[in-house]
Each structure stands twice: as C-alpha cells, then as structure tokens.
>>> print(open('structure-v9.tsv').read())   # TSV, C-alpha atoms
chain	number	residue	atom	x	y	z
J	1043	MET	CA	-48.86	30.67	97.30
J	1044	ASN	CA	-51.09	32.16	99.99
J	1045	ASP	CA	-49.11	34.42	102.33
J	1046	MET	CA	-51.31	33.18	105.20
J	1047	THR	CA	-50.20	29.53	104.78
J	1048	PRO	CA	-48.87	28.32	108.17
J	1049	LEU	CA	-45.15	27.60	108.16
J	1050	GLY	CA	-45.76	24.12	109.57
J	1051	GLU	CA	-47.75	22.99	106.52
J	1052	ALA	CA	-46.08	21.36	103.54
J	1053	GLN	CA	-45.78	23.76	100.64
J	1054	LYS	CA	-45.72	22.71	97.01
J	1055	LEU	CA	-42.56	24.13	95.46
J	1056	HIS	CA	-41.71	24.20	91.78
J	1057	PHE	CA	-37.94	23.83	91.87
J	1058	TYR	CA	-35.58	21.28	90.34
J	1059	GLN	CA	-33.61	20.82	93.56
J	1060	LYS	CA	-33.63	21.99	97.15
J	1061	GLY	CA	-30.26	21.64	98.82
J	1062	THR	CA	-30.98	23.87	101.81
J	1063	PHE	CA	-33.74	24.31	104.36
J	1064	THR	CA	-35.18	27.35	102.58
J	1065	VAL	CA	-36.15	28.36	99.07
J	1066	GLY	CA	-37.01	31.97	98.35
J	1067	ASN	CA	-37.10	32.77	102.09
J	1068	ARG	CA	-39.75	30.08	102.65
J	1069	LEU	CA	-39.26	27.18	105.01
J	1070	VAL	CA	-39.18	23.85	103.18
J	1071	SER	CA	-41.02	20.97	104.83
J	1072	GLU	CA	-38.83	18.15	106.09
J	1073	ALA	CA	-40.23	15.78	103.46
J	1074	GLU	CA	-39.04	18.18	100.74
J	1075	ARG	CA	-35.49	18.53	102.05
J	1076	SER	CA	-32.61	16.61	100.54
J	1077	VAL	CA	-30.46	14.26	102.60
J	1078	GLN	CA	-27.56	16.66	102.19
J	1079	ALA	CA	-29.66	19.49	103.64
J	1080	SER	CA	-30.00	17.58	106.91
J	1081	ALA	CA	-27.75	18.33	109.86
J	1082	GLY	CA	-27.68	14.56	110.44
J	1083	ARG	CA	-26.11	13.73	107.08
J	1084	SER	CA	-23.35	11.13	107.29
J	1085	ASN	CA	-20.74	12.84	105.08
J	1086	ALA	CA	-19.72	9.39	103.85
J	1087	LEU	CA	-17.58	11.08	101.19
J	1088	THR	CA	-16.00	13.94	103.07
J	1089	CYS	CA	-13.70	16.83	102.20
J	1090	GLY	CA	-10.07	16.51	101.16
J	1091	HIS	CA	-10.52	14.43	98.01
J	1092	ARG	CA	-8.74	15.41	94.80
J	1093	ALA	CA	-11.54	15.58	92.27
J	1094	CYS	CA	-11.33	18.23	89.56
J	1095	GLN	CA	-13.23	21.46	90.04
J	1096	GLY	CA	-16.82	20.95	88.90
J	1097	CYS	CA	-16.58	17.13	88.99
J	1098	GLY	CA	-20.05	15.68	88.52
J	1099	GLU	CA	-18.96	12.27	89.80
J	1100	ALA	CA	-17.84	13.64	93.19
J	1101	LEU	CA	-21.18	15.39	93.58
J	1102	GLY	CA	-23.21	12.38	92.50
J	1103	ALA	CA	-21.30	10.01	94.78
J	1104	ARG	CA	-21.68	12.28	97.80
J	1105	TYR	CA	-25.45	12.44	97.42
J	1106	ALA	CA	-25.92	8.79	96.43
J	1107	VAL	CA	-23.81	7.24	99.19
J	1108	ASP	CA	-25.18	9.53	101.89
J	1109	ALA	CA	-28.72	8.63	100.81
J	1110	ALA	CA	-27.83	4.94	101.06
J	1111	MET	CA	-26.33	5.56	104.50
J	1112	ARG	CA	-29.56	7.19	105.66
J	1113	ALA	CA	-31.64	4.32	104.30
J	1114	THR	CA	-29.54	1.74	106.17
J	1115	ASN	CA	-29.01	3.69	109.40
J	1116	GLY	CA	-25.31	3.81	108.59
J	1117	LYS	CA	-24.95	0.02	108.26
J	1118	LEU	CA	-23.47	0.04	104.78
J	1119	ILE	CA	-20.41	-1.39	103.03
J	1120	ALA	CA	-19.20	0.06	99.72
J	1121	VAL	CA	-17.14	-1.70	97.07
J	1122	ASN	CA	-15.48	0.66	94.58
J	1123	ALA	CA	-14.06	-0.33	91.19
J	1124	THR	CA	-10.82	1.21	89.99
J	1125	GLY	CA	-11.46	4.52	88.27
J	1126	CYS	CA	-11.74	8.25	88.88
J	1127	LEU	CA	-13.87	7.91	92.01
J	1128	GLU	CA	-11.44	5.47	93.60
J	1129	VAL	CA	-8.34	7.42	92.60
J	1130	PHE	CA	-9.34	10.91	93.69
J	1131	THR	CA	-10.80	9.75	97.02
J	1132	THR	CA	-8.00	7.42	98.15
J	1133	PRO	CA	-4.51	8.70	97.28
J	1134	TYR	CA	-2.30	6.50	99.45
J	1135	PRO	CA	-2.16	6.72	102.45
J	1136	GLU	CA	-5.24	8.96	102.64
J	1137	THR	CA	-8.98	8.42	102.21
J	1138	SER	CA	-12.07	10.62	102.05
J	1139	TRP	CA	-14.44	7.74	102.80
J	1140	GLN	CA	-16.17	7.60	106.16
J	1141	LEU	CA	-17.69	4.11	105.90
J	1142	PRO	CA	-16.38	0.56	105.37
J	1143	TRP	CA	-14.97	0.79	101.84
J	1144	LEU	CA	-13.22	-1.78	99.66
J	1145	HIS	CA	-11.23	-1.16	96.49
J	1146	SER	CA	-11.81	-3.87	93.91
J	1147	LEU	CA	-10.17	-4.40	90.54
J	1148	PHE	CA	-11.41	-2.49	87.51
J	1149	GLY	CA	-13.74	-5.23	86.37
J	1150	ASN	CA	-14.99	-7.14	89.41
J	1151	ALA	CA	-16.76	-4.65	91.73
J	1152	ALA	CA	-20.08	-6.41	91.21
J	1153	ALA	CA	-18.55	-9.81	92.06
J	1154	VAL	CA	-16.72	-8.49	95.14
J	1155	ALA	CA	-19.89	-6.77	96.37
J	1156	THR	CA	-21.76	-10.04	95.87
J	1157	GLY	CA	-19.18	-11.75	98.07
J	1158	VAL	CA	-19.52	-9.07	100.75
J	1159	ALA	CA	-23.31	-9.42	100.74
J	1160	ALA	CA	-22.99	-13.22	100.98
J	1161	ALA	CA	-20.57	-12.91	103.90
J	1162	MET	CA	-22.97	-10.65	105.79
J	1163	ARG	CA	-25.80	-13.11	105.14
J	1164	ILE	CA	-23.76	-16.07	106.43
J	1165	LYS	CA	-22.83	-14.08	109.53
J	1166	GLY	CA	-26.49	-13.33	110.14
J	1167	ARG	CA	-25.94	-9.60	109.66
J	1168	HIS	CA	-29.01	-8.99	107.53
J	1169	ASP	CA	-29.04	-5.37	108.71
J	1170	VAL	CA	-25.76	-4.62	106.90
J	1171	ARG	CA	-26.30	-3.75	103.23
J	1172	THR	CA	-23.90	-3.57	100.30
J	1173	ILE	CA	-23.44	-1.18	97.39
J	1174	ALA	CA	-21.01	-1.27	94.47
J	1175	LEU	CA	-19.65	1.86	92.79
J	1176	GLY	CA	-18.08	2.17	89.35
J	1177	GLY	CA	-17.59	4.46	86.40
J	1178	ASP	CA	-18.83	3.75	82.90
J	1179	GLY	CA	-15.55	2.06	81.93
J	1180	GLY	CA	-15.63	-0.32	84.88
J	1181	THR	CA	-19.35	-0.90	84.38
J	1182	THR	CA	-20.26	-0.94	80.71
J	1183	ASP	CA	-16.95	-2.41	79.50
J	1184	ILE	CA	-14.48	-4.14	81.82
J	1185	GLY	CA	-16.93	-5.12	84.54
J	1186	PHE	CA	-19.88	-5.95	82.32
J	1187	GLY	CA	-19.66	-9.74	82.70
J	1188	CYS	CA	-19.56	-9.61	86.51
J	1189	LEU	CA	-22.41	-7.10	86.51
J	1190	SER	CA	-24.60	-9.28	84.28
J	1191	GLY	CA	-23.87	-12.23	86.56
J	1192	MET	CA	-24.94	-10.20	89.58
J	1193	PHE	CA	-28.19	-9.33	87.81
J	1194	GLU	CA	-28.81	-12.90	86.68
J	1195	ARG	CA	-28.32	-14.29	90.21
J	1196	ASN	CA	-30.40	-11.44	91.69
J	1197	ASP	CA	-27.71	-10.80	94.32
J	1198	ASP	CA	-28.65	-8.38	97.08
J	1199	VAL	CA	-26.47	-5.49	95.88
J	1200	LEU	CA	-27.20	-1.98	94.67
J	1201	TYR	CA	-24.79	-1.18	91.84
J	1202	ILE	CA	-24.36	2.53	91.07
J	1203	CYS	CA	-22.71	3.58	87.81
J	1204	TYR	CA	-21.36	7.13	87.55
J	1205	ASP	CA	-21.41	7.76	83.81
J	1206	ASN	CA	-19.06	10.49	82.56
J	1207	GLU	CA	-18.98	8.86	79.12
J	1208	ALA	CA	-15.30	7.91	78.80
J	1209	TYR	CA	-12.23	6.60	80.64
J	1210	MET	CA	-11.46	9.96	82.21
J	1211	ASN	CA	-8.87	8.85	84.77
J	1212	THR	CA	-6.52	7.34	82.18
J	1213	GLY	CA	-6.63	10.08	79.55
J	1214	VAL	CA	-10.17	10.39	78.15
J	1215	GLN	CA	-10.34	7.25	76.04
J	1216	ARG	CA	-13.59	6.08	74.48
J	1217	SER	CA	-15.85	3.69	76.43
J	1218	SER	CA	-19.00	1.93	75.29
J	1219	ALA	CA	-20.91	4.78	77.00
J	1220	THR	CA	-19.24	7.48	74.89
J	1221	PRO	CA	-21.90	9.20	72.75
J	1222	PRO	CA	-21.72	9.19	68.96
J	1223	ALA	CA	-19.58	11.92	67.34
J	1224	ALA	CA	-17.77	12.76	70.61
J	1225	ARG	CA	-14.05	13.42	70.39
J	1226	THR	CA	-11.86	11.41	72.77
J	1227	ALA	CA	-8.18	10.44	72.79
J	1228	THR	CA	-9.08	7.29	70.84
J	1229	THR	CA	-11.82	8.80	68.65
J	1230	PRO	CA	-10.12	11.93	67.27
J	1231	ALA	CA	-11.93	14.57	65.23
J	1232	LEU	CA	-10.33	13.40	62.02
J	1233	GLY	CA	-11.33	11.63	58.84
J	1234	ALA	CA	-14.61	11.28	57.02
J	1235	GLU	CA	-16.56	10.62	60.24
J	1236	PRO	CA	-14.71	12.47	63.01
J	1237	GLY	CA	-15.34	11.53	66.62
J	1238	ASN	CA	-16.96	8.38	67.94
J	1239	VAL	CA	-18.84	6.33	65.37
J	1240	PHE	CA	-22.60	5.92	65.34
J	1241	GLY	CA	-24.15	2.53	66.01
J	1242	GLN	CA	-21.70	1.27	68.65
J	1243	GLY	CA	-21.79	1.25	72.44
J	1244	LYS	CA	-24.48	-0.09	74.73
J	1245	SER	CA	-27.20	1.07	77.10
J	1246	VAL	CA	-26.60	-0.73	80.39
J	1247	PRO	CA	-29.85	0.62	81.91
J	1248	LYS	CA	-31.77	-1.10	79.09
J	1249	ILE	CA	-29.74	-4.28	79.57
J	1250	ALA	CA	-30.44	-4.18	83.31
J	1251	VAL	CA	-34.16	-3.84	82.59
J	1252	ALA	CA	-33.94	-6.84	80.25
J	1253	HIS	CA	-32.57	-8.93	83.14
J	1254	GLY	CA	-35.88	-8.39	84.94
J	1255	ILE	CA	-34.22	-7.36	88.22
J	1256	PRO	CA	-36.29	-5.73	90.97
J	1257	TYR	CA	-35.25	-2.13	90.36
J	1258	VAL	CA	-33.48	-0.07	87.68
J	1259	ALA	CA	-33.28	3.71	87.48
J	1260	THR	CA	-31.40	6.48	85.75
J	1261	ALA	CA	-30.63	9.75	87.51
J	1262	THR	CA	-28.71	12.97	87.05
J	1263	VAL	CA	-26.79	15.46	89.16
J	1264	ALA	CA	-29.15	18.08	87.73
J	1265	ASP	CA	-31.87	16.71	90.03
J	1266	LEU	CA	-30.21	15.65	93.28
J	1267	HIS	CA	-33.45	15.28	95.21
J	1268	ASP	CA	-34.66	12.75	92.63
J	1269	LEU	CA	-31.29	10.98	92.83
J	1270	GLU	CA	-31.53	10.66	96.61
J	1271	THR	CA	-35.14	9.47	96.43
J	1272	LYS	CA	-34.21	6.70	93.98
J	1273	VAL	CA	-31.26	5.51	96.07
J	1274	ILE	CA	-33.40	5.39	99.21
J	1275	LYS	CA	-36.10	3.49	97.32
J	1276	ALA	CA	-33.51	1.05	95.97
J	1277	MET	CA	-32.13	0.38	99.46
J	1278	GLY	CA	-35.64	-0.53	100.58
J	1279	ILE	CA	-35.65	-3.40	98.08
J	1280	HIS	CA	-33.77	-6.71	98.30
J	1281	GLY	CA	-32.17	-8.32	95.28
J	1282	ALA	CA	-30.16	-6.86	92.42
J	1283	ARG	CA	-30.66	-3.16	91.80
J	1284	TYR	CA	-29.00	-0.75	89.36
J	1285	ILE	CA	-28.86	3.06	89.24
J	1286	HIS	CA	-27.12	4.82	86.35
J	1287	ILE	CA	-26.18	8.44	87.16
J	1288	HIS	CA	-25.19	10.95	84.47
J	1289	VAL	CA	-22.18	12.95	85.75
J	1290	PRO	CA	-20.59	15.59	83.46
J	1291	CYS	CA	-16.78	15.78	83.44
J	1292	PRO	CA	-15.36	19.25	82.68
J	1293	LEU	CA	-11.89	17.86	81.93
J	1294	GLY	CA	-12.99	15.15	79.52
J	1295	TRP	CA	-15.87	17.06	77.95
J	1296	GLY	CA	-13.96	20.31	77.46
J	1297	SER	CA	-16.53	22.33	79.37
J	1298	VAL	CA	-16.11	25.01	82.02
J	1299	SER	CA	-16.37	23.80	85.60
J	1300	HIS	CA	-19.35	25.96	86.53
J	1301	ASP	CA	-21.43	24.43	83.70
J	1302	THR	CA	-21.63	20.94	85.22
J	1303	ILE	CA	-25.22	21.19	86.45
J	1304	ARG	CA	-26.32	23.18	83.41
J	1305	LEU	CA	-24.99	20.51	81.03
J	1306	ALA	CA	-26.54	17.71	83.07
J	1307	ARG	CA	-29.90	19.47	82.85
J	1308	LEU	CA	-29.55	20.10	79.11
J	1309	ALA	CA	-28.81	16.41	78.53
J	1310	VAL	CA	-32.18	15.63	80.11
J	1311	GLU	CA	-34.13	18.50	78.56
J	1312	SER	CA	-32.86	17.67	75.06
J	1313	GLY	CA	-33.86	14.03	75.41
J	1314	LEU	CA	-30.33	12.67	75.04
J	1315	PHE	CA	-30.35	11.28	78.60
J	1316	PRO	CA	-33.79	9.90	79.54
J	1317	VAL	CA	-34.48	9.68	83.28
J	1318	PHE	CA	-36.72	6.74	84.16
J	1319	GLU	CA	-37.47	3.90	86.59
J	1320	ALA	CA	-38.18	0.24	85.91
J	1321	GLU	CA	-39.27	-2.64	88.13
J	1322	HIS	CA	-39.04	-6.33	87.27
J	1323	GLY	CA	-38.41	-5.63	83.60
J	1324	VAL	CA	-41.09	-2.98	83.07
J	1325	VAL	CA	-40.54	0.78	82.80
J	1326	THR	CA	-42.84	2.30	85.42
J	1327	ALA	CA	-42.06	6.03	85.40
J	1328	SER	CA	-40.18	8.71	83.50
J	1329	ARG	CA	-39.13	12.26	84.30
J	1330	LYS	CA	-40.93	14.67	82.02
J	1331	ILE	CA	-39.03	17.22	79.97
J	1332	ARG	CA	-40.13	20.62	81.21
J	1333	HIS	CA	-38.70	22.77	78.41
J	1334	LYS	CA	-37.51	20.73	75.45
J	1335	VAL	CA	-34.36	22.16	73.86
J	1336	PRO	CA	-32.50	21.24	70.66
J	1337	VAL	CA	-29.44	19.06	71.12
J	1338	THR	CA	-27.23	21.91	69.91
J	1339	GLU	CA	-27.76	23.71	73.25
J	1340	TYR	CA	-26.20	20.72	74.98
J	1341	LEU	CA	-23.44	20.09	72.43
J	1342	GLN	CA	-22.09	23.62	71.87
J	1343	PRO	CA	-20.57	24.26	75.34
J	1344	GLN	CA	-18.45	21.09	75.03
J	1345	LYS	CA	-15.16	21.06	73.11
J	1346	ARG	CA	-15.54	17.34	72.44
J	1347	PHE	CA	-18.30	18.25	69.97
J	1348	ALA	CA	-16.72	21.43	68.56
J	1349	HIS	CA	-15.87	19.78	65.23
J	1350	LEU	CA	-19.58	19.27	64.51
J	1351	PHE	CA	-20.14	23.00	64.11
J	1352	LYS	CA	-17.53	23.56	61.41
J	1353	SER	CA	-18.96	21.86	58.32
J	1354	GLU	CA	-22.05	20.60	56.56
J	1355	GLU	CA	-20.98	17.05	57.39
J	1356	GLY	CA	-20.93	18.04	61.05
J	1357	ALA	CA	-24.42	19.49	60.75
J	1358	ALA	CA	-25.62	16.17	59.34
J	1359	ARG	CA	-24.15	14.37	62.35
J	1360	ILE	CA	-25.89	16.80	64.68
J	1361	ALA	CA	-29.13	15.93	62.90
J	1362	ARG	CA	-28.48	12.26	63.66
J	1363	LEU	CA	-27.95	13.08	67.33
J	1364	GLN	CA	-31.22	15.06	67.32
J	1365	ALA	CA	-32.96	12.01	65.85
J	1366	LEU	CA	-31.59	9.85	68.69
J	1367	ALA	CA	-32.89	12.36	71.25
J	1368	ASP	CA	-36.29	12.46	69.56
J	1369	GLN	CA	-36.39	8.66	69.61
J	1370	ASN	CA	-35.80	8.70	73.39
J	1371	VAL	CA	-38.66	11.17	73.81
J	1372	VAL	CA	-41.02	8.76	72.09
J	1373	GLU	CA	-39.67	5.57	73.68
J	1374	TYR	CA	-39.83	6.86	77.25
J	1375	ARG	CA	-42.87	9.11	76.71
J	1376	LEU	CA	-40.94	12.11	77.96
J	1377	LEU	CA	-43.50	14.69	76.77
J	1378	SER	CA	-46.74	12.84	77.40
J	1379	GLY	CA	-48.79	12.80	80.59
J	1380	GLU	CA	-48.37	9.03	80.96
J	1381	GLY	CA	-45.99	7.34	83.38
J	1382	GLU	CA	-45.02	10.57	85.09
J	1383	ALA	CA	-42.50	10.19	87.91
>>> encode(input="structure-v9.tsv", output="structure tokens")
Amino acid sequence: MNDMTPLGEAQKLHFYQKGTFTVGNRLVSEAERSVQASAGRSNALTCGHRACQGCGEALGARYAVDAAMRATNGKLIAVNATGCLEVFTTPYPETSWQLPWLHSLFGNAAAVATGVAAAMRIKGRHDVRTIALGGDGGTTDIGFGCLSGMFERNDDVLYICYDNEAYMNTGVQRSSATPPAARTATTPALGAEPGNVFGQGKSVPKIAVAHGIPYVATATVADLHDLETKVIKAMGIHGARYIHIHVPCPLGWGSVSHDTIRLARLAVESGLFPVFEAEHGVVTASRKIRHKVPVTEYLQPQKRFAHLFKSEEGAARIARLQALADQNVVEYRLLSGEGEA
C-alpha cells in the first residue's frame, strides 16, 4: 500500500470481512463496506431476541435479511419455519423482527412463501419480494418436499437455510444435515460406530443445483461480506433461489461461544464445508481455501467429536472425515485457480 494513495480511491484490502468503516486505520471504500457497516441498515432483526451467546444463526440471519432488505428497498416479506430462529426471535407476545414476518409450520415455509409471492403478483405488487427462512431440520428433513416443489415450479422465492447441523431447539437431535461421527441426543457416542453413521444424510445445495434453478449458493458466517453479496445477487434474480448458510451452534456443538467464527472458518479451510455458487444447474464459482488445515483442527474444539480422539477406531473415523473433505476440495476445485469467486 502506497502511503500517498488518496483516501477517496478504492483500496484493495486482504481481509476476510470488514464490518466497520475502517480497517487498520484506513478508510474502506463504500463498495467494500458490508451492509451492516452502513448507517442506513434496516436492523430487520433487532436487539432483544433470546439467542444463545455466540449463536451463528442469529448472526447469519441479521446479515442475510438486512442484505435482502437493502436489495428490495425495504419491500420484503419473510416467512419463517418453526425452529430456533423463530423461537428465539418471537417469544409471545414479543418480536425482534422489524419487517412483515409470518410464522409457518415446521415443514411448509417454502409453500407458504410461494403463496405470499403469488398473492403479491395477483395484487400487482411486483416490487414486494418474498424470502423463506428455515433451519436444517425444517429444510433438509420436514420441509424437503415443499422445498423441492418450490424449486420445480421455479417460484419467485429466495429460500435461506441456516444450517447448524441438528435439531438444536428441541434438544440436539440428529438431522439429515448432521455430519458423520457427530454425537447428538439421538446418535450417542456408544457402540462399535459411535456418533452419527457414515453414508446417510443429504446435501440440499447439490439437490438444489440438480433442479436447475436460477441461483444456488453456500455461505458462512466466517465471511459475512460474501454472505451479503450473495443475498443481494439472489434478490436481483427472479425465480427460485436457494442459499445455504453454515452457522455454528455453541450449545449443540459443545464449543465455547467465542469460537463461533473460528469454527465456521475452519469448516471452510478444512474443506468440510465448500463455499460455491451455481446458476441454472452449473457450478460457476467457488471460494478458494487460503490456508488448508487438517480436519482435526475443526473437530477438536467441539465436544460432539470428542469421542473420536480417544481410540484407534476414532482415528480411523477421523481419516474418513478427512477423505470427505479432500473429496470436496477436488469436486469444487477449492485449491485450483479455476472458477475463483
């Protein structure tokens, strides 16, 4: 950086995320600022909610919904499936939402959002857009049929899944997004193969891509600027869109609350959570791994994987998880110079 660079010029900064106007005492250009760094942010999810300390879902929802609000000039309706996000933001008779917000059943957020979008179209309110919000349980399991129908019909809805990898609100039960070997209330660390079994579950981002819908992306709370950019891009597109956000859960993962962003970053840097974009059934970009780390760096801070570090059998299961991460690196070209986001 040249010290003589005028403050008004855009400066290339090598940081994962910029949440304020300045980085290292340097003014960040407006194009580089996050939505949340703007004084004009909508605060669609405001203070007073009851999320746990360090909740990745609360952070992800705040950034995602505010980005959607900016993209639509505040003309946005949200439909929220039952789950953590709905429960901690709307304890009767209170709410932390500052936009038109509907609570759907656990499994039909995509269908209800489709109905809202259709109603706005019939009323001639093409300026009012619709998003649906759900956790991995309400998305990958209970709401999967309605979601697939929304994709197949190409309904004009952006569906955002906040993936904390289990049913956290009801006691940390396994979902189809729970990773292999993870301990949950329904996959205890007992028996010959403790924790969640290998070979089950599903990748909804891949399934969304297979539907050939206009836009699919994965994102992480470790890179909030990227998350905002993808939401804004998605709101500029009509038709069915899907964004899958990785949101660590200290309570369910058995991690300390201040490690939320660190764990989210390690999931990406190990290759276990690939960050990519796809359009009309084709993967178009992927976020490169800057410093590849072994999966053990991601697994060790979480009590749900503690049993893997106590035996040779556990070490073998870690090796299988490493193989899955390595497979993602190849499949999404996470280390190559091709398809860079």
>>> closest_residue(input="structure-v9.tsv", among="J:Arg1171, J:Lys1165, J:Arg1375, J:Arg1216", to="Thr1326 (chain J)", atoms="all atoms listed in the file")
J:Arg1375
>>> residues_around(input="structure-v9.tsv", residues="Arg1083 (chain J)", least_positions_apart="3", cutoff="12 Å", atoms="all atoms listed in the file", output="ChimeraX atom specification")
/J:1075-1080,1086-1088,1104-1113,1115-1116,1140
>>> residues_around(input="structure-v9.tsv", residues="Asp1197 (chain J)", least_positions_apart="3", cutoff="12 Å", atoms="all atoms listed in the file", output="ChimeraX atom specification")
/J:1152-1160,1163,1171-1174,1188-1194,1200-1201,1255-1256,1279-1284
>>> residues_near_point(input="structure-v9.tsv", point="(-26.9, 8.9, 85.7)", cutoff="9 Å", atoms="all atoms listed in the file", output="PDB file with C-alpha atoms, in the coordinates of the input")
ATOM      1  CA  GLY J1102     -23.210  12.380  92.500  1.00  0.00           C
ATOM      2  CA  ILE J1202     -24.360   2.530  91.070  1.00  0.00           C
ATOM      3  CA  CYS J1203     -22.710   3.580  87.810  1.00  0.00           C
ATOM      4  CA  TYR J1204     -21.360   7.130  87.550  1.00  0.00           C
ATOM      5  CA  ASP J1205     -21.410   7.760  83.810  1.00  0.00           C
ATOM      6  CA  ASN J1206     -19.060  10.490  82.560  1.00  0.00           C
ATOM      7  CA  ALA J1259     -33.280   3.710  87.480  1.00  0.00           C
ATOM      8  CA  THR J1260     -31.400   6.480  85.750  1.00  0.00           C
ATOM      9  CA  ALA J1261     -30.630   9.750  87.510  1.00  0.00           C
ATOM     10  CA  THR J1262     -28.710  12.970  87.050  1.00  0.00           C
ATOM     11  CA  VAL J1263     -26.790  15.460  89.160  1.00  0.00           C
ATOM     12  CA  LEU J1269     -31.290  10.980  92.830  1.00  0.00           C
ATOM     13  CA  ILE J1285     -28.860   3.060  89.240  1.00  0.00           C
ATOM     14  CA  HIS J1286     -27.120   4.820  86.350  1.00  0.00           C
ATOM     15  CA  ILE J1287     -26.180   8.440  87.160  1.00  0.00           C
ATOM     16  CA  HIS J1288     -25.190  10.950  84.470  1.00  0.00           C
ATOM     17  CA  VAL J1289     -22.180  12.950  85.750  1.00  0.00           C
ATOM     18  CA  PHE J1315     -30.350  11.280  78.600  1.00  0.00           C
ATOM     19  CA  VAL J1317     -34.480   9.680  83.280  1.00  0.00           C
TER      20      VAL J1317
END
>>> atom_distance(input="structure-v9.tsv", atom1="CA of Tyr1340 (chain J)", atom2="CA of Arg1307 (chain J)")
8.8 Å
>>> atom_distance(input="structure-v9.tsv", atom1="CA of Gln1342 (chain J)", atom2="CA of Leu1305 (chain J)")
10.1 Å
>>> closest_residue(input="structure-v9.tsv", among="J:Leu1350, J:Val1335, J:Ile1303, J:Val1129", to="Pro1290 (chain J)", atoms="only C-alpha atoms")
J:Ile1303
>>> closest_residue(input="structure-v9.tsv", among="J:Ala1081, J:Leu1293, J:Val1199, J:Met1162", to="Ala1276 (chain J)", atoms="only C-alpha atoms")
J:Val1199
>>> atom_distance(input="structure-v9.tsv", atom1="CA of His1322 (chain J)", atom2="CA of Ala1103 (chain J)")
25.3 Å
>>> decode(input="structure-v9.tsv", residues="region 1317-1332 of chain J", atoms="N, CA, C and O atoms", output="PDB file, in the first residue's frame")
ATOM      1  N   VAL J1317     -17.712 -23.621  -0.134  1.00  0.00           N
ATOM      2  CA  VAL J1317     -18.480 -22.404  -0.416  1.00  0.00           C
ATOM      3  C   VAL J1317     -18.462 -22.185  -1.927  1.00  0.00           C
ATOM      4  O   VAL J1317     -17.393 -22.018  -2.512  1.00  0.00           O
ATOM      5  N   PHE J1318     -19.643 -22.190  -2.548  1.00  0.00           N
ATOM      6  CA  PHE J1318     -19.698 -22.103  -4.003  1.00  0.00           C
ATOM      7  C   PHE J1318     -20.988 -21.431  -4.459  1.00  0.00           C
ATOM      8  O   PHE J1318     -21.905 -21.189  -3.668  1.00  0.00           O
ATOM      9  N   GLU J1319     -21.057 -21.138  -5.748  1.00  0.00           N
ATOM     10  CA  GLU J1319     -22.252 -20.613  -6.400  1.00  0.00           C
ATOM     11  C   GLU J1319     -22.575 -21.476  -7.616  1.00  0.00           C
ATOM     12  O   GLU J1319     -21.675 -22.038  -8.246  1.00  0.00           O
ATOM     13  N   ALA J1320     -23.868 -21.565  -7.935  1.00  0.00           N
ATOM     14  CA  ALA J1320     -24.293 -22.282  -9.138  1.00  0.00           C
ATOM     15  C   ALA J1320     -25.457 -21.532  -9.771  1.00  0.00           C
ATOM     16  O   ALA J1320     -26.277 -20.938  -9.056  1.00  0.00           O
ATOM     17  N   GLU J1321     -25.524 -21.562 -11.092  1.00  0.00           N
ATOM     18  CA  GLU J1321     -26.612 -20.926 -11.820  1.00  0.00           C
ATOM     19  C   GLU J1321     -27.143 -21.887 -12.872  1.00  0.00           C
ATOM     20  O   GLU J1321     -26.378 -22.456 -13.644  1.00  0.00           O
ATOM     21  N   HIS J1322     -28.455 -22.086 -12.841  1.00  0.00           N
ATOM     22  CA  HIS J1322     -29.137 -22.948 -13.808  1.00  0.00           C
ATOM     23  C   HIS J1322     -28.470 -24.332 -13.905  1.00  0.00           C
ATOM     24  O   HIS J1322     -28.252 -24.855 -14.993  1.00  0.00           O
ATOM     25  N   GLY J1323     -28.135 -24.885 -12.756  1.00  0.00           N
ATOM     26  CA  GLY J1323     -27.636 -26.250 -12.718  1.00  0.00           C
ATOM     27  C   GLY J1323     -26.149 -26.423 -12.924  1.00  0.00           C
ATOM     28  O   GLY J1323     -25.664 -27.557 -12.978  1.00  0.00           O
ATOM     29  N   VAL J1324     -25.410 -25.316 -13.020  1.00  0.00           N
ATOM     30  CA  VAL J1324     -23.967 -25.394 -13.266  1.00  0.00           C
ATOM     31  C   VAL J1324     -23.217 -24.616 -12.181  1.00  0.00           C
ATOM     32  O   VAL J1324     -23.538 -23.446 -11.921  1.00  0.00           O
ATOM     33  N   VAL J1325     -22.238 -25.251 -11.544  1.00  0.00           N
ATOM     34  CA  VAL J1325     -21.410 -24.555 -10.561  1.00  0.00           C
ATOM     35  C   VAL J1325     -20.542 -23.542 -11.292  1.00  0.00           C
ATOM     36  O   VAL J1325     -19.803 -23.889 -12.223  1.00  0.00           O
ATOM     37  N   THR J1326     -20.636 -22.282 -10.888  1.00  0.00           N
ATOM     38  CA  THR J1326     -19.950 -21.210 -11.611  1.00  0.00           C
ATOM     39  C   THR J1326     -18.770 -20.609 -10.860  1.00  0.00           C
ATOM     40  O   THR J1326     -17.913 -19.961 -11.463  1.00  0.00           O
ATOM     41  N   ALA J1327     -18.712 -20.783  -9.535  1.00  0.00           N
ATOM     42  CA  ALA J1327     -17.631 -20.179  -8.758  1.00  0.00           C
ATOM     43  C   ALA J1327     -17.488 -20.905  -7.431  1.00  0.00           C
ATOM     44  O   ALA J1327     -18.447 -21.486  -6.916  1.00  0.00           O
ATOM     45  N   SER J1328     -16.279 -20.865  -6.888  1.00  0.00           N
ATOM     46  CA  SER J1328     -16.037 -21.440  -5.571  1.00  0.00           C
ATOM     47  C   SER J1328     -15.054 -20.570  -4.811  1.00  0.00           C
ATOM     48  O   SER J1328     -14.192 -19.917  -5.399  1.00  0.00           O
ATOM     49  N   ARG J1329     -15.211 -20.555  -3.506  1.00  0.00           N
ATOM     50  CA  ARG J1329     -14.315 -19.769  -2.644  1.00  0.00           C
ATOM     51  C   ARG J1329     -13.069 -20.589  -2.366  1.00  0.00           C
ATOM     52  O   ARG J1329     -13.142 -21.714  -1.873  1.00  0.00           O
ATOM     53  N   LYS J1330     -11.923 -20.044  -2.687  1.00  0.00           N
ATOM     54  CA  LYS J1330     -10.680 -20.781  -2.541  1.00  0.00           C
ATOM     55  C   LYS J1330     -10.267 -20.901  -1.072  1.00  0.00           C
ATOM     56  O   LYS J1330     -10.476 -19.987  -0.273  1.00  0.00           O
ATOM     57  N   ILE J1331      -9.692 -22.027  -0.745  1.00  0.00           N
ATOM     58  CA  ILE J1331      -9.131 -22.234   0.590  1.00  0.00           C
ATOM     59  C   ILE J1331      -7.793 -21.506   0.655  1.00  0.00           C
ATOM     60  O   ILE J1331      -6.893 -21.770  -0.142  1.00  0.00           O
ATOM     61  N   ARG J1332      -7.680 -20.593   1.578  1.00  0.00           N
ATOM     62  CA  ARG J1332      -6.458 -19.792   1.682  1.00  0.00           C
ATOM     63  C   ARG J1332      -5.337 -20.551   2.383  1.00  0.00           C
ATOM     64  O   ARG J1332      -4.191 -20.531   1.948  1.00  0.00           O
TER      65      ARG J1332
END
